[in-house]
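Visitor: The structure that follows is given in the form of structure tokens.
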Amino acid sequence: MTAVKAQNEKSQMPNCSDPTPVIATTSASKIVKSELSTEELSRGEHSFDWSDEDNDNTMEGINKNEPKYEINNDRPSWANKIEYLLAQVGYSVGLSTIWRFPYLCFHNGGGSFLIIYIIMLFLVGVPLLLLEMAAGQRMHQGSIGVWKVISPWIGGVGYSSFMVCFIVGLYYSVLMTWSLYYLVQSFQSPLPWALCPLLRNSSNFDPECTRTTSTVYFWYRHVLKATDEVEIGGLPVLHLSISLSVTWFIICISMIKGLKSTGKMLYVSVLLPYIILCCVFIRSLMLQGAELGLKRLLVTEVSALYSMEVWRRTGNHLFLSMGSGFGSFTAISSYAPRSNNCIMDAFAVALFNLITSVAASVFVFATVGHLATLKSEKCYLRNAERVMNLVTTGVLPSELRLPESLYRHMSYSYPTWFGNLPEGAKSMVLPYLSNCDVADKLEEVMEGPGVAIVAFSDIVFAFSGSTFWSIIVFVFLVTMGLSTMLGVMQGIITALQDTFSSLRKHTKLLTVGVCVPMFLGSLIFVKPSGSYYVNMLDDYWASLPLFFILILENVSMAWIYGARRFLADLIIILGRPISPIYRWLWCFVSPFVLLILFGSTMIHLYLHPITYLAWNSSTSNEITLSYPSWARVLLILLIVITILPIPAYFLYTLLKSRMGRPRAPSSRQVPQQVPQQVPGAEAGGRFFDYPIIRDPAGGDQLSRGQKDRVRKSRQHRTGDEDIIPGGATW
């Protein structure tokens with residue numbers, strides 16, 4: 001008897017290549033059709049290979065003629081599929097997609113970075129995206145509830161995701177605040193950052209501005225009122241505090257009525273940016289010198305394909321920009337019908353993210369190519385004037401006098417003129433000339449401002465009617481930030497409502513109760529040194545907790561619950577075969593890549609000092625400074641705090657299981673009907689709940705009447721029944 005019991009326990013242990021038949025573990029209708037006994041099911045006498053035959057066998061076991069019904073409850077749902085997709089796309093495609101992707105593409109091999117990004121997107125990004133979407137959709141739970149259901153031992157993953165989402169929401173709202181302030185300032189002509197300001201009671205320009213550009217000066221001195229170091233404190237900047245309060249008011253109004261208000265706001269915050277992106281995309285291609293930037297975008301550096309640092313940066317950007325691991329995908333999907341095709345949704349979100357990244361890169365590179373061409377022409381003009389002055393004063397011979405036709409098309413005529421000079425004349429005039437190579441000017445423009453928003457304030461001057469285009473561009477950035485913040489807030493509010501069900505009746509009060517503390521917490525980032533804290537969190541803090549969470553999510557679903565079982569559940573939900581390649585991706589490829597990224601990120605943080613771009617008011621220049629030791633301690637503390645719920649909840653579950661372990665039942669007790677545990681049981685959970693007759697004395701043999709009762713119960717509870725209530729349809 002002991003051997004039989006041990007064999008039963010062994011057969012129930014889930015793993016990535018679980019030999020237990022998928023129908024025996026997940027589909028009640030298949031169990032009824034095949035009339036397998038409980039003893040046969042528990043022993044797992046049937047096995048399948050990792051091939052498409054699994055899908056065929058699974059589909060044969062699903063009775064498509066059986067009525068599919070769902071249990072209604074008070075959980076809200078998206079009004080239609082469009083709102084649901086807008087929520088997923090809006091959250092995934094954020095501000096980092098618009099600037100960080102082109103910036104990384106320029107500095108990491110151009111086309112090579114794009115190739116690496118596409119490979120990682122479809123081999124790692126899409127499977128993890130599908131995992132989070134499917135889990136939330138199937139269980140109708142937020143991030144906290146989902147991972148408790150899958151396995152209580154890793155229930156702390158949901159709490160860590162919640163904390164990451166909360167902290168990211170604090171500083172991400174400040175990015176939206178900066179864009180909103182620029183938008184308000186754009187309703188002026190000329191734009192306030194177009195020219196340097198005058199000194200008080202003087203006709204002279206501010207010397208701090210004249211030593212740099214007007215856009216950089218406006219950003220550091222007018223918008224941020226930045227200090228020279230992170231150690232220098234100060235009260236929150238007044239105009240940024242007002243802008244921050246308006247930002248949180250917009251977010252609160254958008255979320256206050258739950259999915260009804262959020263869904264309507266998404267039509268504006270997601271569709272409008274894409275309309276604007278199409279407009280600026282087409283306009284940028286019409287600029288002079290756009291082809292120069294596009295050629296630079298398509299340049300492929302083969303050495304970058306073999307660089308571990310490039311792969312690390314690409315992986316960091318992929319997961320930070322898409323938003324996997326924050327719990328928002330799970331929360332948004334939890335309001336979708338369980339029969340929704342989450343595989344198509346995952347690919348749709350990934351493709352939108354990729355298309356938006358490429359379109360934004362084309363826009364940025366085309367515009368930067370135009371700005372580089374203008375800089376090069378101005379440089380040629382200064383060189384021409386210098387040569388003419390030297391010829392006039394007699395320093396250079398008259399043979400070097402420039403023809404009048406040279407001034408018409410400087411970008412073409414000047415290089416031609418200089419190239420046709422004799423070698424002696426070239427050596428004579430070269431010491432007086434500046435380097436005006438357009439490729440170098442392109443590098444100079446992309447190396448320019450270290451902050452994306454400053455780059456966009458520069459870009460608007462590439463178009464005629466800069467005031468109009470400034471309004472358009474910053475409306476684009478504000479709405480992009482808003483759609484991402486709505487996804488972040490959905491991840492926070494949904495987790496709270498699922499944990500404390502009474503809060504679902506007070507959505508308005510909960511929304512206000514979350515937004516107000518987050519607004520107060522965000523004030524630290526609008527201090528004069530606040531931007532340095534934003535850089536520290538975004539550049540150094542977010543990656544490690546995120547990778548740790550993703551690794552545990554992946555391992556728990558693939559190896560604890562079982563990738564085979566999870567895939568079988570998806571087959572039952574969708575009612576069609578699914579490629580078994582997802583099992584290989586979940587079991588091997590994704591964990592391996594995530595572990596490499598996690599390890600390389602830790603090594604990078606250990607070997608390299610954490611630095612930030614600071615404003616030096618004496619030289620009017622951005623300089624790279626190292627964060628002080630207390631900032632490094634703060635960074636480590638934040639990483640530990642966000643990861644701490646995972647081991648803490650593990651210990652809590654361990655103590656609870658030991659304290660609540662039941663005593664062995666008496667052999668005289670009659671057999672009792674015990675439902676199989678929902679996902680998260682120690683032996684490995686399921687998404688489905690079947691009554692299993694177990695003999696308290698340990699016997700496996702059931703009477704014929706008991707088996708008939710089991711079959712009748714299973715026929716009543718079909719494979720499509722939801723253990724967790726809910727499941728509205730569109």
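Scheme for the structure tokens: letters A, B, ... for chains in order shown; per-chain residue numbers from 1; ligand numbers from 1 in order shown.
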Considering only C-alpha atoms, return as a CSV table (one decimal) with all heavy atoms, in the first residue's frame whatever protein or nucleic-acid residues lie within 6 Å of range 319-328 of chain A, sequence-local ones (same chain, fewer than 4 positions apart) excluded.
Guide:
```csv
chain,number,residue,atom,x,y,z
A,92,SER,N,1.8,48.7,-23.0
A,92,SER,CA,3.1,48.1,-23.5
A,92,SER,C,3.9,49.2,-24.2
A,92,SER,O,5.1,49.2,-24.0
A,92,SER,CB,2.8,46.9,-24.4
A,92,SER,OG,4.0,46.4,-24.9
A,96,SER,N,9.5,55.1,-23.2
A,96,SER,CA,10.8,54.5,-23.5
A,96,SER,C,10.8,54.0,-24.9
A,96,SER,O,11.9,53.9,-25.6
A,96,SER,CB,11.1,53.4,-22.5
A,96,SER,OG,10.2,52.4,-22.6
A,143,SER,N,-2.2,40.2,-10.1
A,143,SER,CA,-0.9,39.5,-10.0
A,143,SER,C,-0.8,38.8,-8.6
A,143,SER,O,-0.1,37.7,-8.6
A,143,SER,CB,0.2,40.6,-10.1
A,143,SER,OG,0.1,41.6,-9.1
A,161,SER,N,5.6,42.0,-7.5
A,161,SER,CA,5.1,42.7,-8.7
A,161,SER,C,4.4,44.0,-8.4
A,161,SER,O,4.5,45.0,-9.0
A,161,SER,CB,4.3,41.8,-9.6
A,161,SER,OG,5.0,40.7,-10.1
A,165,CYS,N,5.4,47.7,-9.4
A,165,CYS,CA,4.4,48.6,-10.1
A,165,CYS,C,4.1,49.9,-9.4
A,165,CYS,O,4.0,50.9,-10.0
A,165,CYS,CB,3.1,47.8,-10.2
A,165,CYS,SG,2.1,48.1,-11.7
A,487,GLY,N,-2.3,51.6,-17.4
A,487,GLY,CA,-2.0,50.2,-17.2
A,487,GLY,C,-1.3,49.9,-15.9
A,487,GLY,O,-1.6,48.9,-15.2
A,488,VAL,N,-0.4,50.8,-15.5
A,488,VAL,CA,0.3,50.6,-14.2
A,488,VAL,C,-0.7,50.7,-13.1
A,488,VAL,O,-0.7,49.9,-12.1
A,488,VAL,CB,1.4,51.7,-14.0
A,488,VAL,CG1,1.9,51.7,-12.6
A,488,VAL,CG2,2.5,51.5,-15.0
A,491,GLY,N,-2.8,47.6,-12.7
A,491,GLY,CA,-2.1,46.5,-12.0
A,491,GLY,C,-2.2,46.7,-10.5
A,491,GLY,O,-2.2,45.7,-9.7
A,546,LEU,N,12.9,43.1,-11.6
A,546,LEU,CA,12.0,42.7,-12.8
A,546,LEU,C,12.5,41.3,-13.3
A,546,LEU,O,11.7,40.4,-13.5
A,546,LEU,CB,12.1,43.7,-13.9
A,546,LEU,CG,11.1,43.5,-15.0
A,546,LEU,CD1,9.7,43.6,-14.6
A,546,LEU,CD2,11.4,44.5,-16.1
A,550,LEU,N,10.4,37.8,-13.2
A,550,LEU,CA,10.1,37.0,-14.4
A,550,LEU,C,10.7,35.6,-14.3
A,550,LEU,O,10.0,34.7,-14.8
A,550,LEU,CB,10.7,37.8,-15.6
A,550,LEU,CG,10.0,39.0,-16.0
A,550,LEU,CD1,10.8,39.8,-17.1
A,550,LEU,CD2,8.6,38.7,-16.6
```
Visitor: Can you list, as a list in words, every protein, DNA or RNA residue that comes within 9 Å of Met255 in chain A when you count only C-alpha atoms, leaving out same-chain residues fewer than 3 positions away?
Guide: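 Final neighbour list, sorted by chain and number: Ile250, Ile251, Cys252, Gly258, Leu259, Lys260, Ser261, Thr262, Met265, Leu486, Met489, Gln490, Thr507, Lys508 and Thr511 of chain A.
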Visitor: Between A:Leu567, A:Met480, A:Leu287, A:Cys379, single out the one closest to Ser464 in chain A, counting only C-alpha atoms.
Guide: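 Using only C-alpha atoms, Ser464 in chain A sits closest to A:Leu287.
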Visitor: Nearest to Met176 in chain A among A:Leu585, A:Val299, A:Ile332, A:Val475, with distances taken over only C-alpha atoms: which residue is it?
Guide: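 When distances to Met176 in chain A are compared using only C-alpha atoms, the smallest one comes from A:Val475.
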Visitor: Do you know which residues are at most 12 Å from Thr373 in chain A counting only C-alpha atoms, after dropping those on the same chain fewer than 6 positions away, and could you put them as a list in words?
Guide: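 Once the nearby chain positions are removed, what remains is Leu287, Gln288, Gly289, Ala290, Glu291, Leu292, Gly293, Ala366, Thr367, Cys379, Tyr380, His409, Met410, Ser411, Tyr412, Cys436, Asp437, Val438, Ala439, Asp440, Lys441, Leu442, Glu443, Glu444, Val445 and Ala462 of chain A.
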Visitor: Within 10 Å of His604 in chain A, counting only C-alpha atoms, which residues qualify if same-chain residues fewer than 5 places away don't, as a VMD selection string?
Guide: chain A and resid 309 312 540 598 to 599 609 to 610
Visitor: Generate a file of the selected residues that holds C-alpha atoms, formatted as an mmCIF file, in the first residue's frame.
Guide:
```cif
data_model
loop_
_atom_site.group_PDB
_atom_site.id
_atom_site.type_symbol
_atom_site.label_atom_id
_atom_site.label_comp_id
_atom_site.auth_asym_id
_atom_site.auth_seq_id
_atom_site.Cartn_x
_atom_site.Cartn_y
_atom_site.Cartn_z
ATOM 1 C CA GLU A 309 26.898 44.040 -23.513
ATOM 2 C CA ARG A 312 22.261 42.801 -22.089
ATOM 3 C CA TYR A 540 19.783 50.832 -12.109
ATOM 4 C CA PHE A 598 19.955 38.668 -14.433
ATOM 5 C CA GLY A 599 23.537 37.548 -13.901
ATOM 6 C CA PRO A 609 30.042 52.633 -10.640
ATOM 7 C CA ILE A 610 26.506 53.967 -10.815
#
```
Visitor: So how far away is CA of Leu318 in chain A from CA of Ile549 in chain A, in Å?
Guide: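 About the pair CA of Ile549 in chain A and CA of Leu318 in chain A: they are 15.0 Å apart.
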Visitor: List as a PyMOL selection string the protein and nucleic acid residues near Tyr217 in chain A, meaning an atom at most 12 Å away when only C-alpha atoms are counted, but skip any in the same chain fewer than 2 places from it.
Guide: chain A and resi 192-197+206-215+219-226+449+454+457-458+615-617+619-622
Visitor: Would you mind telling me which residue in A:Ala360, A:Leu95, A:Leu433, A:Leu114 lies nearest to Arg382 in chain A when using only C-alpha atoms?
Guide: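 The answer is A:Leu433, which sits nearest to Arg382 in chain A.
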Visitor: Using only C-alpha atoms, which protein or nucleic acid residues come within 10 Å of Leu351 in chain A? Drop anything in the same chain fewer than 5 positions from it, and give the result as a PyMOL selection string.
Guide: chain A and resi 89+118+121-122+126+345-346+356-357
Visitor: Okay, now the selection with all heavy atoms, as a compact mmCIF listing (two decimals), in the first residue's frame?
Guide:
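The result, stored in selection.txt:
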```
# COMPACT_ATOMS: atom_id res chain seq x y z
N VAL A 89 -2.09 47.34 -25.50
CA VAL A 89 -1.13 48.05 -26.35
C VAL A 89 -0.70 49.36 -25.71
O VAL A 89 0.48 49.72 -25.71
CB VAL A 89 -1.74 48.30 -27.74
CG1 VAL A 89 -0.84 49.20 -28.58
CG2 VAL A 89 -1.97 46.98 -28.47
N ILE A 118 14.46 41.79 -32.25
CA ILE A 118 13.41 40.95 -32.84
C ILE A 118 13.56 39.50 -32.37
O ILE A 118 12.56 38.83 -32.04
CB ILE A 118 13.45 41.05 -34.37
CG1 ILE A 118 13.07 42.46 -34.81
CG2 ILE A 118 12.51 40.03 -35.01
CD1 ILE A 118 13.21 42.70 -36.31
N LEU A 121 12.47 39.33 -28.78
CA LEU A 121 11.04 39.63 -28.66
C LEU A 121 10.20 38.38 -28.88
O LEU A 121 9.29 38.09 -28.09
CB LEU A 121 10.66 40.72 -29.65
CG LEU A 121 9.16 41.08 -29.72
CD1 LEU A 121 8.69 41.67 -28.40
CD2 LEU A 121 8.90 42.05 -30.87
N PHE A 122 10.51 37.62 -29.93
CA PHE A 122 9.67 36.49 -30.28
C PHE A 122 10.08 35.19 -29.59
O PHE A 122 9.24 34.30 -29.42
CB PHE A 122 9.66 36.29 -31.80
CG PHE A 122 8.89 37.35 -32.53
CD1 PHE A 122 9.55 38.39 -33.18
CD2 PHE A 122 7.51 37.35 -32.54
CE1 PHE A 122 8.84 39.38 -33.83
CE2 PHE A 122 6.79 38.33 -33.19
CZ PHE A 122 7.45 39.35 -33.84
N VAL A 126 7.42 37.31 -26.27
CA VAL A 126 6.06 36.84 -26.55
C VAL A 126 5.65 35.68 -25.64
O VAL A 126 4.54 35.68 -25.10
CB VAL A 126 5.92 36.47 -28.04
CG1 VAL A 126 4.58 35.78 -28.31
CG2 VAL A 126 6.06 37.71 -28.91
N ASP A 345 -3.60 37.82 -29.08
CA ASP A 345 -3.42 39.10 -28.38
C ASP A 345 -1.96 39.34 -28.05
O ASP A 345 -1.45 40.46 -28.19
CB ASP A 345 -4.26 39.11 -27.10
CG ASP A 345 -5.75 39.06 -27.39
OD1 ASP A 345 -6.13 39.38 -28.54
OD2 ASP A 345 -6.52 38.69 -26.50
N ALA A 346 -1.27 38.30 -27.59
CA ALA A 346 0.15 38.45 -27.25
C ALA A 346 0.97 38.84 -28.47
O ALA A 346 1.83 39.73 -28.41
CB ALA A 346 0.68 37.15 -26.63
N THR A 356 5.79 50.21 -33.55
CA THR A 356 5.92 51.55 -32.98
C THR A 356 7.39 51.91 -32.76
O THR A 356 7.81 53.04 -33.03
CB THR A 356 5.16 51.64 -31.65
OG1 THR A 356 3.81 51.21 -31.84
CG2 THR A 356 5.16 53.06 -31.13
N SER A 357 8.17 50.95 -32.28
CA SER A 357 9.60 51.21 -32.06
C SER A 357 10.31 51.54 -33.36
O SER A 357 11.11 52.48 -33.43
CB SER A 357 10.25 49.99 -31.39
OG SER A 357 9.66 49.70 -30.15
```
Visitor: Rank nothing, just name the residue among A:Leu523, A:Met120, A:Ala79, A:Ala134 nearest to His239 in chain A, using only C-alpha atoms.
Guide: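 Of A:Leu523, A:Met120, A:Ala79, A:Ala134, the one nearest His239 in chain A, counting only C-alpha atoms, is A:Leu523.
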Visitor: Report, in Å with one decimal, the straight-line distance from CA of Ala331 in chain A to CA of Ser160 in chain A.
Guide: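 Answer for the CA of Ala331 in chain A to CA of Ser160 in chain A separation: 14.4 Å.
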